[in-house]
Structures are given as C-alpha cells and as structure tokens.
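J.: Structure below; questions to follow.
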Amino acid sequence: MDIKSYMQNLGQNARTAASAMARASTRAKNDALTSLAHLLLQGGDGLAEANAQDIAKAQEAGLDAPMVDRLRLTDKVIATMAEGCEQLAAMPDPVGEITGVKRRPTGISVGQMRVPLGVFGMIYESRPNVTIEAASLAIKSGNACILRGGSEAIRSNLALWQLVRQALRITGLPAEAVQLVETTDRAAVGELITMPAHVDVIIPRGGKGLIERISSEARVPVIKHLDGNCHTYVDAEFDLDKALRVTENAKTQRYSPCNATESLLVHERAAARFLPAIGAIFAAKGVEMRCDAGAKAILAGLADARLVDATEADWGMEYLAPIISIKIVASLEEAIAHINHYGSHHTDAIITDHHANAMRFLREVDSSSVMVNASTRFADGFEYGLGAEIGISTDKIHARGPVGLEGLTSLKWVVLGDGHVRG
C-alpha cells in the first residue's frame, strides 16, 4: 500500500465531508446518533467475535492485564457507549449559536458564532470505545474525523466503524464523515499529523510516548495531555467514612484510566486515624504502597501490606497499576505546592470538612479538573454531562479538561449591519 496516497485520499474525503457536516441539520445529526445507539445495542455476534479476537491476540502477545482490560467491549461498555450517543442526541446543538451580541456606537452589532473545527484526526491506543466516542462527538459537532486506533484493537475498531458508517447512511449524512485508518502501518500516523491542508487539529489519546511524539512532529495544532498523575489529598478536618469511600474508589475502581488517583497526600493531623484504615483496604486489594518515612512508620504494623520506600521519582509517577505513592504533609499549603510541582495538571481532589480549605484548593491547584469530596474517577466527559469526551486537555487555550462538544467547535466573529460604513 502507498501510505502517503492512501492518507491523502482519506484527507480529501474528510474535507469534502466536513463541508456537508457543517451544514447538516440538527435533526439529521441527532437521528444518526440515535441510529448508532440502536446499532450498538444490536451489535450481535460480529462485534463480540471481533473483540474476542483482539483480546486473544493481546494475551498471546503478553500485554499486561490493565492493557487487556482496556480492550474489552463488555455489555456494560457497549451500553455506556449507546447511552453516550443518546445523551449527545438530547443535548442542544452548539453549531450556529450566536452569543455576546452587542450594539456598537457606530450602529453595527458584533457577536460570536460557534462553528465546527472542520476535520480532526484522532490517534489512540487500546480502548475501542474511543472509536464511538470520537465518531459521536464528530457527528453532533458537525465535524469530520479520521480515526487511527491501536493495532491491538484493529478488529474491534473496524467492526464499530462499520456501525458508524451504517448510521450515517441511514440518515443521509456522508459516510466519509467518519473514516478509520484501516492499516496498522505506523507510517500512517506520520502522514496524518502532517496534512494541514486536510486536517485542522490532532487529538492523541494514549501513552506518554505516543503523545510526546505527536506533539513534537505534528504540523497541525494538538489537543493533549501527557500524564494522569492524579492526587487525592485528605485534609486535617475530614469525615473518615467519606474519605475511605472516595479514596478507595479513586484508586481501585479501575487502575488503568488516566483519572485514577496515583498519589495520596494526608495531613499530619489526619494520618494516624486515616492511614491504617485506608492501608488495610489497599492491603486487602493487593495495592503496593510507596511511602515516605512517616507514612511507612504508621502503616508498618498492617498485615499483608506491601510497603516500599518512595523515591523522588514516585511523586511524579503515573502507575496505571495497583500501586500508589503516599506522603504525609504538614499543611494545606504544602499539599497544594506538592500537587502543582509533581502533578500533571490533570485531576486532583481534596477530602475535607473545612469549607475555606476546599475553596482554596479549588482556586490554587493548577489542574484541568479540581474536586472536593469526590473521586478523581469522575473526570470524564460522560460523567460531566458532555455526552462523551474526545480526550482530556491540560493545555490552557481553546479547550481544558474533558473535551466534549464545545471543545470541537470554535468561535468566529460576526458583524450585523444595514449598509453601515466606517467613517
């Protein structure tokens, strides 16, 4: 296969489809999404067989358990994808909305209109549900997209993509609005990120190595986050049951997502009461605890506890595994400074009964999502009511945090006059 020609053809098709999607009616886009939800729930043996083949290949290749877990299209995952499509269909259409209109002294009216970005390229690893999240958001936001999933999920992605194409055709929208790169040749990625004539933005979603490569080599803008080193901080004033429930969920509900807590900070006045209780939970679940000296001393007597001395590298580590770093801090100020220094600006949470401390944490922690008394696992477009997310952005321009519908649109200025001329 001539990869360059193949990718150029995808780009040309996407650009043509983007024009049609930009003018598509809200009803047509919503009908496509509800059709896709129905097709997902009726996916049948073909989808299940494709996913089973990917999982078998991944296990044969020796992928670790969290990576294999990301590949699974369980009934629950499929139902969540379908629900996301239906949620998007029920949401207001942002395209064409005009806001902030102000009358100027000259008589003209000036405002801003929300419009699609055009064509986005999505490069992602492992999770095949991203195919549906990206496709559904592209449809509702009036964009076209080119999707390049990981080789480990190629069969699942192809099966899901066929359902997307079917939904688009049913509702009279161009099937080329969502295209999947059908080759696993890595050269396709190099072409996709260097086609500014056909692609308006690139969104990488995967490991740090992938995202660093895309960011350094791309010739189009990139929406990204590099790490998910998320923190949970237990403050001096706290409710024990609440803190245990939230911290356990933040770390152990799933180990592989980027919004799982990787580092636990505990105020020195809370440590003696909280650490033995959460340590027992972690020990029972086989979570390795990489501790500073103070935390290790408190946890030392726990049966079956896997305790390791933390190194400097642990404070900035994204484990994506049953491992957590634990540090005792002397104050809220120290906790905030630690998070801003070692964190990845993704998601951080405080567990506290002190309102003023909660508000300080919200204001001063420099992350795209900051939470009070809630699990970091909520940092997700679906949970935020965005319908789905295309990824998480830790950049500070255009889009920040979970990127949903509005993150896939832009604003342009509109001027309304009646024969007005500038004097």
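Just so we're on the same page: first chain in the structure tokens is A, next is B, and so on; residues restart at 1 for each chain, and ligands are numbered from 1 in the order they show up.
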Hey, what's within 8 Å of Leu386 of chain A if we count only C-alpha atoms and toss same-chain stuff fewer than 4 positions away? As a list in words, please?

T.: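 The filter keeps Leu88, Gly381, Phe382, Gly404 and Leu405 of chain A.
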
J.: Write out as a ChimeraX atom specification all residues of segment 204-346 of chain A that DSSP puts in strand (DSSP E or B) for this structure's backbone.

T.: /A:204-205,222,230-234,261-267,288-291,306-309,323-329

J.: What's around Lys29 of chain A at 10 Å? Count only C-alpha atoms, leave out sequence neighbours fewer than 6 positions away in its own chain, and write the answer as a ChimeraX atom specification.

T.: /A:21,35,88-89,93,136,138-142,167-168,171-173

J.: Only all heavy atoms, please: the residues just picked out, written as a short mmCIF file (atom, residue, chain, number, x, y, z; two decimals), in the first residue's frame.

T.:
```cif
data_model
loop_
_atom_site.label_atom_id
_atom_site.label_comp_id
_atom_site.auth_asym_id
_atom_site.auth_seq_id
_atom_site.Cartn_x
_atom_site.Cartn_y
_atom_site.Cartn_z
N MET A 21 -21.13 18.16 6.70
CA MET A 21 -21.48 18.06 8.12
C MET A 21 -21.71 19.43 8.74
O MET A 21 -22.57 19.59 9.62
CB MET A 21 -20.38 17.32 8.88
CG MET A 21 -20.24 15.85 8.53
SD MET A 21 -21.73 14.89 8.83
CE MET A 21 -21.85 14.99 10.62
N SER A 35 -29.61 6.29 15.80
CA SER A 35 -29.44 5.07 14.99
C SER A 35 -28.20 4.32 15.42
O SER A 35 -28.21 3.08 15.52
CB SER A 35 -29.35 5.43 13.51
OG SER A 35 -30.55 5.97 13.03
N LEU A 88 -25.88 12.60 23.77
CA LEU A 88 -25.47 13.64 22.82
C LEU A 88 -26.63 14.08 21.95
O LEU A 88 -26.81 15.27 21.68
CB LEU A 88 -24.34 13.12 21.93
CG LEU A 88 -22.92 13.24 22.46
CD1 LEU A 88 -21.95 12.54 21.51
CD2 LEU A 88 -22.52 14.70 22.61
N ALA A 89 -27.45 13.13 21.51
CA ALA A 89 -28.60 13.47 20.67
C ALA A 89 -29.57 14.38 21.40
O ALA A 89 -30.24 15.22 20.78
CB ALA A 89 -29.29 12.20 20.20
N ASP A 93 -27.70 21.65 20.18
CA ASP A 93 -26.68 21.71 19.13
C ASP A 93 -25.93 23.03 19.26
O ASP A 93 -26.52 24.10 19.14
CB ASP A 93 -27.37 21.62 17.76
CG ASP A 93 -26.38 21.47 16.61
OD1 ASP A 93 -25.17 21.69 16.83
OD2 ASP A 93 -26.82 21.15 15.50
N SER A 136 -19.19 9.86 17.57
CA SER A 136 -20.44 10.50 18.00
C SER A 136 -20.24 12.00 18.23
O SER A 136 -21.11 12.81 17.87
CB SER A 136 -20.97 9.83 19.26
OG SER A 136 -20.05 9.90 20.33
N ALA A 138 -17.97 13.85 16.74
CA ALA A 138 -17.78 14.45 15.42
C ALA A 138 -19.13 14.71 14.76
O ALA A 138 -19.36 15.79 14.18
CB ALA A 138 -16.93 13.54 14.54
N ILE A 139 -20.02 13.74 14.84
CA ILE A 139 -21.34 13.88 14.22
C ILE A 139 -22.10 15.06 14.82
O ILE A 139 -22.60 15.94 14.11
CB ILE A 139 -22.14 12.57 14.36
CG1 ILE A 139 -21.50 11.46 13.53
CG2 ILE A 139 -23.60 12.78 13.94
CD1 ILE A 139 -22.03 10.07 13.81
N LYS A 140 -22.20 15.10 16.14
CA LYS A 140 -23.01 16.15 16.77
C LYS A 140 -22.39 17.53 16.58
O LYS A 140 -23.12 18.53 16.43
CB LYS A 140 -23.16 15.85 18.26
CG LYS A 140 -24.04 16.84 19.00
CD LYS A 140 -25.51 16.73 18.61
CE LYS A 140 -26.36 17.73 19.40
NZ LYS A 140 -27.71 17.26 19.68
N SER A 141 -21.06 17.62 16.59
CA SER A 141 -20.40 18.93 16.46
C SER A 141 -20.25 19.37 15.02
O SER A 141 -19.70 20.45 14.76
CB SER A 141 -19.03 18.89 17.14
OG SER A 141 -18.19 17.92 16.53
N GLY A 142 -20.72 18.56 14.07
CA GLY A 142 -20.67 18.96 12.66
C GLY A 142 -19.30 18.88 12.03
O GLY A 142 -19.02 19.56 11.04
N ALA A 167 -25.00 4.00 10.35
CA ALA A 167 -25.86 5.03 10.95
C ALA A 167 -25.85 6.31 10.12
O ALA A 167 -26.90 6.96 9.96
CB ALA A 167 -25.41 5.31 12.38
N LEU A 168 -24.70 6.69 9.60
CA LEU A 168 -24.61 7.89 8.77
C LEU A 168 -25.41 7.73 7.48
O LEU A 168 -26.14 8.63 7.06
CB LEU A 168 -23.15 8.22 8.46
CG LEU A 168 -22.32 8.74 9.63
CD1 LEU A 168 -20.83 8.71 9.31
CD2 LEU A 168 -22.75 10.16 10.00
N THR A 171 -29.26 8.03 7.76
CA THR A 171 -29.80 9.38 7.94
C THR A 171 -29.37 10.36 6.85
O THR A 171 -29.59 11.56 6.97
CB THR A 171 -29.38 9.92 9.31
OG1 THR A 171 -27.98 9.72 9.51
CG2 THR A 171 -30.11 9.20 10.41
N GLY A 172 -28.76 9.86 5.79
CA GLY A 172 -28.42 10.70 4.65
C GLY A 172 -27.20 11.57 4.83
O GLY A 172 -26.97 12.50 4.05
N LEU A 173 -26.39 11.29 5.83
CA LEU A 173 -25.15 12.03 6.02
C LEU A 173 -24.01 11.27 5.35
O LEU A 173 -24.07 10.06 5.19
CB LEU A 173 -24.87 12.21 7.52
CG LEU A 173 -25.88 13.07 8.28
CD1 LEU A 173 -25.57 13.08 9.77
CD2 LEU A 173 -25.91 14.50 7.73
#
```

J.: Give the alpha helix (DSSP H) residues of segment 129-285 of chain A, as assigned by DSSP on the backbone, as a PyMOL selection string.

T.: chain A and resi 129-141+154-170+187-192+208-217+240-252+271-284

J.: Limited to C-alpha atoms, could you put the picked residues into a file as a PDB file, in the first residue's frame?

T.:
```pdb
ATOM      1  CA  ASN A 129     -14.874   2.538  22.817  1.00  0.00           C
ATOM      2  CA  VAL A 130     -12.915   5.672  21.837  1.00  0.00           C
ATOM      3  CA  THR A 131     -13.965   4.948  18.237  1.00  0.00           C
ATOM      4  CA  ILE A 132     -17.593   5.555  19.179  1.00  0.00           C
ATOM      5  CA  GLU A 133     -16.846   8.495  21.467  1.00  0.00           C
ATOM      6  CA  ALA A 134     -14.892  10.248  18.711  1.00  0.00           C
ATOM      7  CA  ALA A 135     -17.403   9.402  15.981  1.00  0.00           C
ATOM      8  CA  SER A 136     -20.436  10.501  18.000  1.00  0.00           C
ATOM      9  CA  LEU A 137     -18.835  13.799  19.000  1.00  0.00           C
ATOM     10  CA  ALA A 138     -17.780  14.453  15.418  1.00  0.00           C
ATOM     11  CA  ILE A 139     -21.340  13.883  14.216  1.00  0.00           C
ATOM     12  CA  LYS A 140     -23.007  16.147  16.775  1.00  0.00           C
ATOM     13  CA  SER A 141     -20.402  18.926  16.464  1.00  0.00           C
ATOM     14  CA  ILE A 154      -7.954  -3.131  14.976  1.00  0.00           C
ATOM     15  CA  ARG A 155     -10.698  -5.766  14.600  1.00  0.00           C
ATOM     16  CA  SER A 156     -12.925  -4.178  17.237  1.00  0.00           C
ATOM     17  CA  ASN A 157     -12.407  -0.719  15.756  1.00  0.00           C
ATOM     18  CA  LEU A 158     -13.260  -1.915  12.252  1.00  0.00           C
ATOM     19  CA  ALA A 159     -16.471  -3.553  13.496  1.00  0.00           C
ATOM     20  CA  LEU A 160     -17.527  -0.422  15.382  1.00  0.00           C
ATOM     21  CA  TRP A 161     -16.662   1.820  12.434  1.00  0.00           C
ATOM     22  CA  GLN A 162     -18.959  -0.176  10.152  1.00  0.00           C
ATOM     23  CA  LEU A 163     -21.818   0.542  12.559  1.00  0.00           C
ATOM     24  CA  VAL A 164     -20.990   4.267  12.416  1.00  0.00           C
ATOM     25  CA  ARG A 165     -20.992   4.251   8.603  1.00  0.00           C
ATOM     26  CA  GLN A 166     -24.317   2.432   8.614  1.00  0.00           C
ATOM     27  CA  ALA A 167     -25.855   5.026  10.947  1.00  0.00           C
ATOM     28  CA  LEU A 168     -24.615   7.893   8.769  1.00  0.00           C
ATOM     29  CA  ARG A 169     -26.005   6.338   5.607  1.00  0.00           C
ATOM     30  CA  ILE A 170     -29.384   5.672   7.240  1.00  0.00           C
ATOM     31  CA  ALA A 187       3.739   5.450   8.726  1.00  0.00           C
ATOM     32  CA  ALA A 188       0.056   6.365   8.524  1.00  0.00           C
ATOM     33  CA  VAL A 189       0.377   8.326  11.775  1.00  0.00           C
ATOM     34  CA  GLY A 190       3.282  10.338  10.373  1.00  0.00           C
ATOM     35  CA  GLU A 191       1.174  11.273   7.362  1.00  0.00           C
ATOM     36  CA  LEU A 192      -1.943  12.109   9.363  1.00  0.00           C
ATOM     37  CA  LYS A 208       3.097   9.499  27.174  1.00  0.00           C
ATOM     38  CA  GLY A 209       5.480   8.300  24.458  1.00  0.00           C
ATOM     39  CA  LEU A 210       2.785   8.488  21.785  1.00  0.00           C
ATOM     40  CA  ILE A 211       1.647  11.938  22.836  1.00  0.00           C
ATOM     41  CA  GLU A 212       5.192  13.329  23.046  1.00  0.00           C
ATOM     42  CA  ARG A 213       5.905  12.040  19.542  1.00  0.00           C
ATOM     43  CA  ILE A 214       2.725  13.536  18.122  1.00  0.00           C
ATOM     44  CA  SER A 215       3.325  16.877  19.838  1.00  0.00           C
ATOM     45  CA  SER A 216       6.882  17.162  18.525  1.00  0.00           C
ATOM     46  CA  GLU A 217       6.227  16.011  14.946  1.00  0.00           C
ATOM     47  CA  LEU A 240     -13.436   9.121  57.917  1.00  0.00           C
ATOM     48  CA  ASP A 241     -16.126   7.094  56.129  1.00  0.00           C
ATOM     49  CA  LYS A 242     -16.318   9.628  53.311  1.00  0.00           C
ATOM     50  CA  ALA A 243     -12.539   9.792  52.943  1.00  0.00           C
ATOM     51  CA  LEU A 244     -12.192   5.999  52.839  1.00  0.00           C
ATOM     52  CA  ARG A 245     -15.001   5.575  50.315  1.00  0.00           C
ATOM     53  CA  VAL A 246     -13.710   8.277  47.969  1.00  0.00           C
ATOM     54  CA  THR A 247     -10.033   7.317  48.190  1.00  0.00           C
ATOM     55  CA  GLU A 248     -10.714   3.620  47.656  1.00  0.00           C
ATOM     56  CA  ASN A 249     -12.807   4.376  44.571  1.00  0.00           C
ATOM     57  CA  ALA A 250     -10.318   6.893  43.204  1.00  0.00           C
ATOM     58  CA  LYS A 251      -7.525   4.313  43.290  1.00  0.00           C
ATOM     59  CA  THR A 252      -9.101   0.883  42.915  1.00  0.00           C
ATOM     60  CA  ALA A 271      -2.518  10.491  59.294  1.00  0.00           C
ATOM     61  CA  ALA A 272      -2.806   8.386  62.475  1.00  0.00           C
ATOM     62  CA  ARG A 273      -6.557   7.990  62.047  1.00  0.00           C
ATOM     63  CA  PHE A 274      -6.824   7.668  58.265  1.00  0.00           C
ATOM     64  CA  LEU A 275      -3.751   5.783  57.079  1.00  0.00           C
ATOM     65  CA  PRO A 276      -4.252   2.494  58.979  1.00  0.00           C
ATOM     66  CA  ALA A 277      -7.850   2.301  57.709  1.00  0.00           C
ATOM     67  CA  ILE A 278      -7.074   3.032  54.055  1.00  0.00           C
ATOM     68  CA  GLY A 279      -3.901   0.930  54.298  1.00  0.00           C
ATOM     69  CA  ALA A 280      -5.958  -2.105  55.335  1.00  0.00           C
ATOM     70  CA  ILE A 281      -8.209  -1.597  52.289  1.00  0.00           C
ATOM     71  CA  PHE A 282      -5.242  -1.305  49.954  1.00  0.00           C
ATOM     72  CA  ALA A 283      -3.554  -4.338  51.514  1.00  0.00           C
ATOM     73  CA  ALA A 284      -6.684  -6.435  51.019  1.00  0.00           C
TER      74      ALA A 284
END
```

J.: For the atom pair atom CA of Thr99 of chain A and atom CA of Thr409 of chain A, what is the interatomic distance in Å to one decimal place?

T.: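 Rounded to one decimal, the two atoms are 13.8 Å apart.
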
J.: Counting only C-alpha atoms, which residue out of A:Tyr124, A:Tyr233, A:Trp315, A:Tyr342 sits closest to Glu268 of chain A?

T.: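 When distances to Glu268 of chain A are compared using only C-alpha atoms, the smallest one comes from A:Tyr233.
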
J.: What's around Ala56 of chain A at 12 Å? Count only C-alpha atoms, leave out sequence neighbours fewer than 5 positions away in its own chain, and write the answer as a list in words.

T.: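 Using only C-alpha atoms, the neighbours found are Glu49, Ala50, Asn51, Ala61, Gly62, Leu63, Val68, Asp69, Leu71, Arg72, Glu152, Ala153 and Arg155 of chain A.
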
J.: So that I can see what lies close to His354 of chain A, please list as a compact mmCIF listing (two decimals) with all heavy atoms, in the first residue's frame the residues with an atom at most 9 Å from it, counting only C-alpha atoms and leaving out residues fewer than 6 positions away in the same chain.

T.:
```
# COMPACT_ATOMS: atom_id res chain seq x y z
N ASP A 235 -7.49 16.19 54.10
CA ASP A 235 -7.19 17.37 54.91
C ASP A 235 -7.27 17.05 56.40
O ASP A 235 -7.71 15.97 56.80
CB ASP A 235 -8.18 18.48 54.53
CG ASP A 235 -7.73 19.85 54.96
OD1 ASP A 235 -6.53 20.06 55.15
OD2 ASP A 235 -8.62 20.74 55.07
N ALA A 236 -6.88 18.02 57.22
CA ALA A 236 -6.88 17.82 58.68
C ALA A 236 -8.28 17.56 59.22
O ALA A 236 -8.46 16.73 60.12
CB ALA A 236 -6.26 19.03 59.36
N GLU A 237 -9.27 18.26 58.71
CA GLU A 237 -10.66 18.09 59.14
C GLU A 237 -11.38 17.27 58.07
O GLU A 237 -11.56 17.75 56.95
CB GLU A 237 -11.34 19.43 59.34
CG GLU A 237 -10.70 20.29 60.44
CD GLU A 237 -11.38 21.64 60.58
OE1 GLU A 237 -12.59 21.73 60.27
OE2 GLU A 237 -10.69 22.60 60.96
N PHE A 238 -11.81 16.06 58.42
CA PHE A 238 -12.38 15.18 57.41
C PHE A 238 -13.32 14.18 58.06
O PHE A 238 -13.25 13.91 59.26
CB PHE A 238 -11.28 14.44 56.64
CG PHE A 238 -10.59 13.37 57.45
CD1 PHE A 238 -10.87 12.02 57.24
CD2 PHE A 238 -9.65 13.70 58.44
CE1 PHE A 238 -10.24 11.03 57.99
CE2 PHE A 238 -9.02 12.72 59.19
CZ PHE A 238 -9.31 11.37 58.97
```

J.: Counting only C-alpha atoms, figure out which residue out of A:Leu226, A:Ala379, A:Gln253, A:Cys291 gets nearest to Ser344 of chain A.

T.: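 Between A:Leu226, A:Ala379, A:Gln253, A:Cys291, the residue approaching Ser344 of chain A most closely is A:Leu226.
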